[in-house]
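First up is the structure itself, then whatever we jot down about it.
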Amino acid sequence: MSWKICIVGAGKIGQMIAALLKDSPNYSATVAEYDLKALAEIARLGVATMQIDATNIDELTQGLSGFDAVISAAPFFLTPNIAQAAKEAGAHYFDLTEDVAATRAVRALAGGSKTAFMPQCGLAPGFVGMAGASLAAEFDEIDSLHMRVGALPLYPTNALKYNLTWSTDGLINEYCNPCDAIVNGERVKTAPLEDYEVLGHDGVEYECFNTSGGLGTLPETLQGKARAVSYRSIRYPGHCDILKLLLHDLGLERRRDLLKEIFESALPRTDQDVVLVYCTAKGLIDGALREKSLINKSFAREINGQVWSAIQVTTAAGVLGVVDLMRTGVLPSTGFVRQEQVKLSDFLNTEFGRLYRVGDVTPQNKAA
C-alpha cells in the first residue's frame, strides 16, 4: 500500500527525506514550509511543495489533512505544534528531535490516539537506540550499555576540529541540557561534557563525553535490567576543553542565542563528513562475562546523481526506515512507539535502512 507523506521543514534533512521518498514506489511526498526560497529548493528535486505556517495549528491541521503520515524535520520548538496538528488530521507522526521536553509533549499527545506517535527517529536518538537495544538483547543479563555517536568533518581545520553538519539549536541543546543515564542501576540526570573518555577506530583517536538527548527512552526501558547506560558524543581530541571554556568559563551556557551566533558565523558548514556509531555492551551470556560492540561508519555519498552528506543520509534513513516498518504493519499503528521496539534486523532490511549497510554494521565480540 502506497502512503502519502508530508514532511514539515525544508532544511537539509527535509531535502534528503524528500529525495529518498521521491525515488521510492511506495510513497508520494509533499514538503510543507513557510520559506518560499527553501520550497524552491525542494521543487527543483521534483517534489510537491506546500507553503504553510507551522506556528498556526489550525492552518497546519488543515494542510496535513489527507496524509497517511507526517514527518517533522522542523526545529525542535515547533514539535508540539506539528504533533498536535498531525493528531487532529488523523495522521501518523514521526520526528527527529533530541529535545527531551518536546518528546514529553509528543508522548502526552499519543495517549488514546488512533494513530502512532514515534518521536526521536533520526540518528541519535533513533538508529543508535535500535543498535543499543539489539546489543542488550544478546545478553542473558545486561550489565552496561554505552552508546557513542559523532557527526564529524572529514578534514577538521579549526581549533574545535568541528564543522556544522546539522541543527545549531540541537547541537547547543546537546551541550547544555542535563543528560539521561542509568548509574548504579538508577535512572539519573548527569552533567553534559562530563564522563570523558578516549577511544580509537581505524587508526583515528577520538574523545567522548556526555551530551543530552541521544538515549531517547532507552534508560526507561532498561531500568531495573542494566547497571549502567550512557550516551556520549564523539569528537576529535581538544573539542571538549574548548567547549568548557566557552560554556562555563565565559558563561555562554546562559547566552545560547549568542553561542548560536558565534557558531554560525565562525564554523563553516561542510558536506564532507563522517558519522561514527560506536556501541558497546557488557554482561553475562551462558554464565560467562562477555563484551560486544557494534560499529557503523558512514560517509557522504552520491545517491541518484546527487551528493548528500553522511548526517543527511543517516538521519533520513533513520526515520524512513521506521516509517516503512509502520507502513508494512511491523510496528504498532496506534499510541506511543519507542525506538527500541524496532528490531535492528528488520530496520536494516527496509529500503531505507539498507543505506546503513554501506557503513558496515559489524558486531565485534570478545571475551571479558
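By convention here, the chains of the C-alpha cells are called A, B, ... in the order presented, each chain's residues are numbered starting at 1, and ligands are numbered starting at 1 in the order presented.
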Please identify all polymer residues within 10 Å of region 152-155 of chain A, counting only C-alpha atoms, omitting same-chain residues fewer than 4 positions from it, and present them as a count of residues only.
-> 20
Excluding region 9-16 of chain A and any residue of its chain fewer than 3 positions from it, enumerate the residues within 7 Å of it, using only C-alpha atoms, and give them as a list of chain:residue names.
->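 Contacts, with the query itself left out: A:Ala19, A:Leu20, A:Val31, A:Ala32, A:Glu33, A:Ala38, A:Leu39, A:Ile42, A:Ser72, A:Ala73, A:Ala74, A:Gln312, A:Val313, A:Ala316.
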List every residue of region 114-291 of chain A that DSSP, applied to the backbone, labels as strand (DSSP E), and write the result as a PDB file with C-alpha atoms, in the first residue's frame.
```
ATOM      1  CA  ALA A 116       1.000   6.236  16.045  1.00  0.00           C
ATOM      2  CA  PHE A 117       3.380   8.791  17.536  1.00  0.00           C
ATOM      3  CA  MET A 118       7.060   7.947  17.156  1.00  0.00           C
ATOM      4  CA  GLU A 141      21.904 -10.416  31.838  1.00  0.00           C
ATOM      5  CA  ILE A 142      22.960  -6.954  30.669  1.00  0.00           C
ATOM      6  CA  ASP A 143      25.416  -5.102  32.914  1.00  0.00           C
ATOM      7  CA  SER A 144      26.335  -1.973  30.931  1.00  0.00           C
ATOM      8  CA  LEU A 145      25.480  -0.369  27.612  1.00  0.00           C
ATOM      9  CA  HIS A 146      27.362   2.645  26.293  1.00  0.00           C
ATOM     10  CA  MET A 147      26.382   4.408  23.064  1.00  0.00           C
ATOM     11  CA  ARG A 148      28.630   6.916  21.341  1.00  0.00           C
ATOM     12  CA  VAL A 149      27.860   8.850  18.157  1.00  0.00           C
ATOM     13  CA  GLY A 150      29.760  11.523  16.262  1.00  0.00           C
ATOM     14  CA  ALA A 151      28.895  13.572  13.166  1.00  0.00           C
ATOM     15  CA  LEU A 152      32.295  14.989  12.253  1.00  0.00           C
ATOM     16  CA  PRO A 153      34.120  16.756   9.435  1.00  0.00           C
ATOM     17  CA  CYS A 179      21.702  14.029  30.209  1.00  0.00           C
ATOM     18  CA  ASP A 180      19.648  10.901  30.905  1.00  0.00           C
ATOM     19  CA  ALA A 181      21.576   7.854  32.107  1.00  0.00           C
ATOM     20  CA  ILE A 182      21.464   4.801  34.324  1.00  0.00           C
ATOM     21  CA  VAL A 183      24.145   4.826  37.039  1.00  0.00           C
ATOM     22  CA  GLU A 186      19.172   4.011  38.935  1.00  0.00           C
ATOM     23  CA  ARG A 187      17.897   6.455  36.324  1.00  0.00           C
ATOM     24  CA  VAL A 188      19.643   9.769  36.886  1.00  0.00           C
ATOM     25  CA  LYS A 189      20.465  13.076  35.237  1.00  0.00           C
ATOM     26  CA  THR A 190      24.154  13.616  34.541  1.00  0.00           C
ATOM     27  CA  GLU A 197      36.819   9.029  27.613  1.00  0.00           C
ATOM     28  CA  VAL A 198      39.216   8.444  24.712  1.00  0.00           C
ATOM     29  CA  LEU A 199      38.718   5.769  22.072  1.00  0.00           C
ATOM     30  CA  GLY A 200      40.192   4.844  18.708  1.00  0.00           C
ATOM     31  CA  HIS A 201      38.856   3.396  15.471  1.00  0.00           C
ATOM     32  CA  VAL A 204      41.937   7.699  14.402  1.00  0.00           C
ATOM     33  CA  GLU A 205      41.795   8.903  18.016  1.00  0.00           C
ATOM     34  CA  TYR A 206      38.540  10.394  19.319  1.00  0.00           C
ATOM     35  CA  GLU A 207      37.226  11.796  22.588  1.00  0.00           C
ATOM     36  CA  CYS A 208      33.736  11.228  24.012  1.00  0.00           C
ATOM     37  CA  PHE A 209      31.672  12.977  26.676  1.00  0.00           C
ATOM     38  CA  ASN A 210      28.092  13.170  27.935  1.00  0.00           C
ATOM     39  CA  ALA A 228      24.885   1.396  33.639  1.00  0.00           C
ATOM     40  CA  VAL A 229      23.579   3.015  30.439  1.00  0.00           C
ATOM     41  CA  SER A 230      25.047   6.158  28.865  1.00  0.00           C
ATOM     42  CA  TYR A 231      25.198   8.253  25.712  1.00  0.00           C
ATOM     43  CA  ARG A 232      28.246  10.284  24.672  1.00  0.00           C
ATOM     44  CA  SER A 233      29.094  12.384  21.639  1.00  0.00           C
ATOM     45  CA  ILE A 234      32.250  11.596  19.696  1.00  0.00           C
ATOM     46  CA  ARG A 235      34.570  14.467  18.769  1.00  0.00           C
ATOM     47  CA  ASP A 273      31.639  14.471   6.782  1.00  0.00           C
ATOM     48  CA  VAL A 274      31.683  11.148   8.564  1.00  0.00           C
ATOM     49  CA  VAL A 275      29.170   9.656  11.014  1.00  0.00           C
ATOM     50  CA  LEU A 276      30.548   7.158  13.524  1.00  0.00           C
ATOM     51  CA  VAL A 277      28.307   4.976  15.719  1.00  0.00           C
ATOM     52  CA  TYR A 278      30.193   3.045  18.405  1.00  0.00           C
ATOM     53  CA  CYS A 279      28.080   0.990  20.846  1.00  0.00           C
ATOM     54  CA  THR A 280      29.486  -1.350  23.495  1.00  0.00           C
ATOM     55  CA  ALA A 281      27.658  -3.711  25.848  1.00  0.00           C
ATOM     56  CA  LYS A 282      28.838  -5.987  28.644  1.00  0.00           C
ATOM     57  CA  GLY A 283      27.012  -8.714  30.526  1.00  0.00           C
ATOM     58  CA  LEU A 284      26.501 -12.420  31.062  1.00  0.00           C
ATOM     59  CA  ILE A 285      25.996 -14.998  28.307  1.00  0.00           C
ATOM     60  CA  ALA A 288      30.358 -16.008  31.273  1.00  0.00           C
ATOM     61  CA  LEU A 289      31.107 -12.266  31.301  1.00  0.00           C
ATOM     62  CA  ARG A 290      31.167 -11.084  27.681  1.00  0.00           C
ATOM     63  CA  GLU A 291      31.527  -7.814  25.788  1.00  0.00           C
TER      64      GLU A 291
END
```
Leaving out Asp23 (chain A) and any residue of its chain fewer than 2 positions from it, which residues lie within 12 Å of it when counting only C-alpha atoms, given as a PDB file with C-alpha atoms, in the first residue's frame?
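So the final result, stored in selection.pdb, reads:
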```pdb
ATOM      1  CA  MET A  16      17.171  14.342   1.948  1.00  0.00           C
ATOM      2  CA  ILE A  17      13.949  12.723   3.196  1.00  0.00           C
ATOM      3  CA  ALA A  18      12.033  14.164   0.241  1.00  0.00           C
ATOM      4  CA  ALA A  19      14.638  12.943  -2.264  1.00  0.00           C
ATOM      5  CA  LEU A  20      14.578   9.392  -0.879  1.00  0.00           C
ATOM      6  CA  LEU A  21      10.769   9.258  -0.869  1.00  0.00           C
ATOM      7  CA  PRO A  25       7.487   3.426  -5.490  1.00  0.00           C
ATOM      8  CA  ASN A  26       5.797   3.098  -2.097  1.00  0.00           C
ATOM      9  CA  TYR A  27       5.425   6.792  -1.257  1.00  0.00           C
ATOM     10  CA  SER A  28       4.371  10.173  -2.555  1.00  0.00           C
ATOM     11  CA  ALA A  29       5.878  13.139  -0.735  1.00  0.00           C
ATOM     12  CA  LEU A  45      14.123  17.980  -6.657  1.00  0.00           C
ATOM     13  CA  GLY A  46      10.790  17.299  -8.346  1.00  0.00           C
ATOM     14  CA  VAL A  47       8.874  17.025  -5.056  1.00  0.00           C
ATOM     15  CA  ILE A 303      22.608   8.860  -4.447  1.00  0.00           C
ATOM     16  CA  ASN A 304      20.808   9.079  -7.786  1.00  0.00           C
ATOM     17  CA  GLY A 305      23.298  11.577  -9.178  1.00  0.00           C
ATOM     18  CA  GLU A 351      14.607   0.023   1.501  1.00  0.00           C
ATOM     19  CA  PHE A 352      15.927   2.949   3.564  1.00  0.00           C
TER      20      PHE A 352
END
```
Interatomic distance between CA of Trp166 (chain A) and CA of Ser298 (chain A)?
-> 15.3 Å
For CA of Gly122 (chain A) and CA of Leu96 (chain A), the interatomic separation in Å (one decimal) |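 So the answer is 4.9 Å.
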Tell me which protein, DNA and RNA residues are within 6 Å of region 76-87 of chain A, counting only C-alpha atoms, leaving out same-chain ones fewer than 6 positions away, and put them as a PDB file with C-alpha atoms, in the first residue's frame.
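Contents of around.pdb, as written:
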```pdb
ATOM      1  CA  ILE A  57      -2.033  24.897  14.428  1.00  0.00           C
ATOM      2  CA  LEU A  60      -1.215  23.256   9.854  1.00  0.00           C
ATOM      3  CA  THR A  61      -4.031  20.811  10.677  1.00  0.00           C
ATOM      4  CA  THR A  97      14.054  15.749  17.805  1.00  0.00           C
ATOM      5  CA  ALA A 105       4.759  16.687  24.684  1.00  0.00           C
TER       6      ALA A 105
END
```
In region 96-207 of chain A, what's alpha helix (DSSP H) per DSSP? Answer as a ChimeraX atom specification?
-> /A:100-110,127-136,168-176
Just to be explicit: take each residue in the selection above, keep N, CA and C atoms, and write the result as an mmCIF file, in the first residue's frame.
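Final file, again.cif:
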```
data_model
loop_
_atom_site.group_PDB
_atom_site.id
_atom_site.type_symbol
_atom_site.label_atom_id
_atom_site.label_comp_id
_atom_site.auth_asym_id
_atom_site.auth_seq_id
_atom_site.Cartn_x
_atom_site.Cartn_y
_atom_site.Cartn_z
ATOM 1 N N VAL A 100 14.264 16.699 24.979
ATOM 2 C CA VAL A 100 13.527 15.855 25.925
ATOM 3 C C VAL A 100 12.135 16.417 26.205
ATOM 4 N N ALA A 101 12.023 17.727 26.391
ATOM 5 C CA ALA A 101 10.722 18.343 26.681
ATOM 6 C C ALA A 101 9.765 18.183 25.504
ATOM 7 N N ALA A 102 10.266 18.351 24.286
ATOM 8 C CA ALA A 102 9.423 18.183 23.104
ATOM 9 C C ALA A 102 8.917 16.749 23.003
ATOM 10 N N THR A 103 9.766 15.804 23.346
ATOM 11 C CA THR A 103 9.357 14.398 23.300
ATOM 12 C C THR A 103 8.281 14.108 24.339
ATOM 13 N N ARG A 104 8.382 14.727 25.514
ATOM 14 C CA ARG A 104 7.324 14.548 26.526
ATOM 15 C C ARG A 104 5.982 15.040 25.988
ATOM 16 N N ALA A 105 5.992 16.151 25.256
ATOM 17 C CA ALA A 105 4.759 16.687 24.684
ATOM 18 C C ALA A 105 4.174 15.720 23.662
ATOM 19 N N VAL A 106 5.024 15.129 22.828
ATOM 20 C CA VAL A 106 4.560 14.155 21.839
ATOM 21 C C VAL A 106 3.976 12.929 22.532
ATOM 22 N N ARG A 107 4.639 12.489 23.574
ATOM 23 C CA ARG A 107 4.164 11.306 24.304
ATOM 24 C C ARG A 107 2.793 11.546 24.916
ATOM 25 N N ALA A 108 2.587 12.739 25.428
ATOM 26 C CA ALA A 108 1.279 13.070 26.003
ATOM 27 C C ALA A 108 0.191 13.035 24.939
ATOM 28 N N LEU A 109 0.501 13.512 23.745
ATOM 29 C CA LEU A 109 -0.470 13.504 22.651
ATOM 30 C C LEU A 109 -0.794 12.084 22.190
ATOM 31 N N ALA A 110 0.142 11.162 22.372
ATOM 32 C CA ALA A 110 -0.053 9.784 21.918
ATOM 33 C C ALA A 110 -1.103 9.044 22.727
ATOM 34 N N PHE A 127 18.482 5.595 15.297
ATOM 35 C CA PHE A 127 19.215 4.382 14.952
ATOM 36 C C PHE A 127 20.035 3.850 16.118
ATOM 37 N N VAL A 128 20.672 4.743 16.873
ATOM 38 C CA VAL A 128 21.532 4.283 17.961
ATOM 39 C C VAL A 128 20.716 3.552 19.032
ATOM 40 N N GLY A 129 19.450 3.939 19.226
ATOM 41 C CA GLY A 129 18.595 3.234 20.167
ATOM 42 C C GLY A 129 18.292 1.816 19.715
ATOM 43 N N MET A 130 18.043 1.646 18.420
ATOM 44 C CA MET A 130 17.832 0.298 17.869
ATOM 45 C C MET A 130 19.093 -0.538 18.038
ATOM 46 N N ALA A 131 20.251 0.064 17.712
ATOM 47 C CA ALA A 131 21.519 -0.651 17.818
ATOM 48 C C ALA A 131 21.804 -1.049 19.265
ATOM 49 N N GLY A 132 21.586 -0.119 20.207
ATOM 50 C CA GLY A 132 21.829 -0.418 21.605
ATOM 51 C C GLY A 132 20.903 -1.490 22.149
ATOM 52 N N ALA A 133 19.621 -1.387 21.817
ATOM 53 C CA ALA A 133 18.654 -2.389 22.275
ATOM 54 C C ALA A 133 18.972 -3.756 21.687
ATOM 55 N N SER A 134 19.425 -3.778 20.427
ATOM 56 C CA SER A 134 19.801 -5.039 19.783
ATOM 57 C C SER A 134 20.982 -5.687 20.491
ATOM 58 N N LEU A 135 21.977 -4.878 20.851
ATOM 59 C CA LEU A 135 23.113 -5.411 21.603
ATOM 60 C C LEU A 135 22.682 -5.953 22.963
ATOM 61 N N ALA A 136 21.885 -5.172 23.677
ATOM 62 C CA ALA A 136 21.439 -5.586 25.013
ATOM 63 C C ALA A 136 20.680 -6.899 24.969
ATOM 64 N N THR A 168 22.021 23.859 14.545
ATOM 65 C CA THR A 168 22.812 24.519 15.591
ATOM 66 C C THR A 168 22.058 24.529 16.919
ATOM 67 N N ASP A 169 20.745 24.749 16.881
ATOM 68 C CA ASP A 169 19.949 24.718 18.117
ATOM 69 C C ASP A 169 20.034 23.351 18.778
ATOM 70 N N GLY A 170 19.932 22.291 17.977
ATOM 71 C CA GLY A 170 20.033 20.946 18.521
ATOM 72 C C GLY A 170 21.400 20.666 19.117
ATOM 73 N N LEU A 171 22.438 21.149 18.457
ATOM 74 C CA LEU A 171 23.797 20.970 18.949
ATOM 75 C C LEU A 171 23.979 21.638 20.310
ATOM 76 N N ILE A 172 23.480 22.861 20.441
ATOM 77 C CA ILE A 172 23.612 23.591 21.705
ATOM 78 C C ILE A 172 22.817 22.907 22.809
ATOM 79 N N ASN A 173 21.634 22.402 22.499
ATOM 80 C CA ASN A 173 20.868 21.633 23.483
ATOM 81 C C ASN A 173 21.686 20.450 24.000
ATOM 82 N N GLU A 174 22.336 19.747 23.092
ATOM 83 C CA GLU A 174 23.139 18.591 23.491
ATOM 84 C C GLU A 174 24.236 18.988 24.484
ATOM 85 N N TYR A 175 24.862 20.123 24.244
ATOM 86 C CA TYR A 175 25.988 20.553 25.059
ATOM 87 C C TYR A 175 25.569 21.167 26.395
ATOM 88 N N CYS A 176 24.333 21.645 26.494
ATOM 89 C CA CYS A 176 23.921 22.423 27.674
ATOM 90 C C CYS A 176 22.882 21.749 28.563
#
```
What is the CA of Pro219 (chain A)-CA of Gly185 (chain A) distance in Å, reported with one decimal?
->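 Between CA of Pro219 (chain A) and CA of Gly185 (chain A) the gap works out to 9.9 Å.
Closest approach to Ala266 (chain A) from the set A:Asn158, A:Thr328, A:Thr350, A:Thr315 is made by A:Asn158, with distances taken over only C-alpha atoms.
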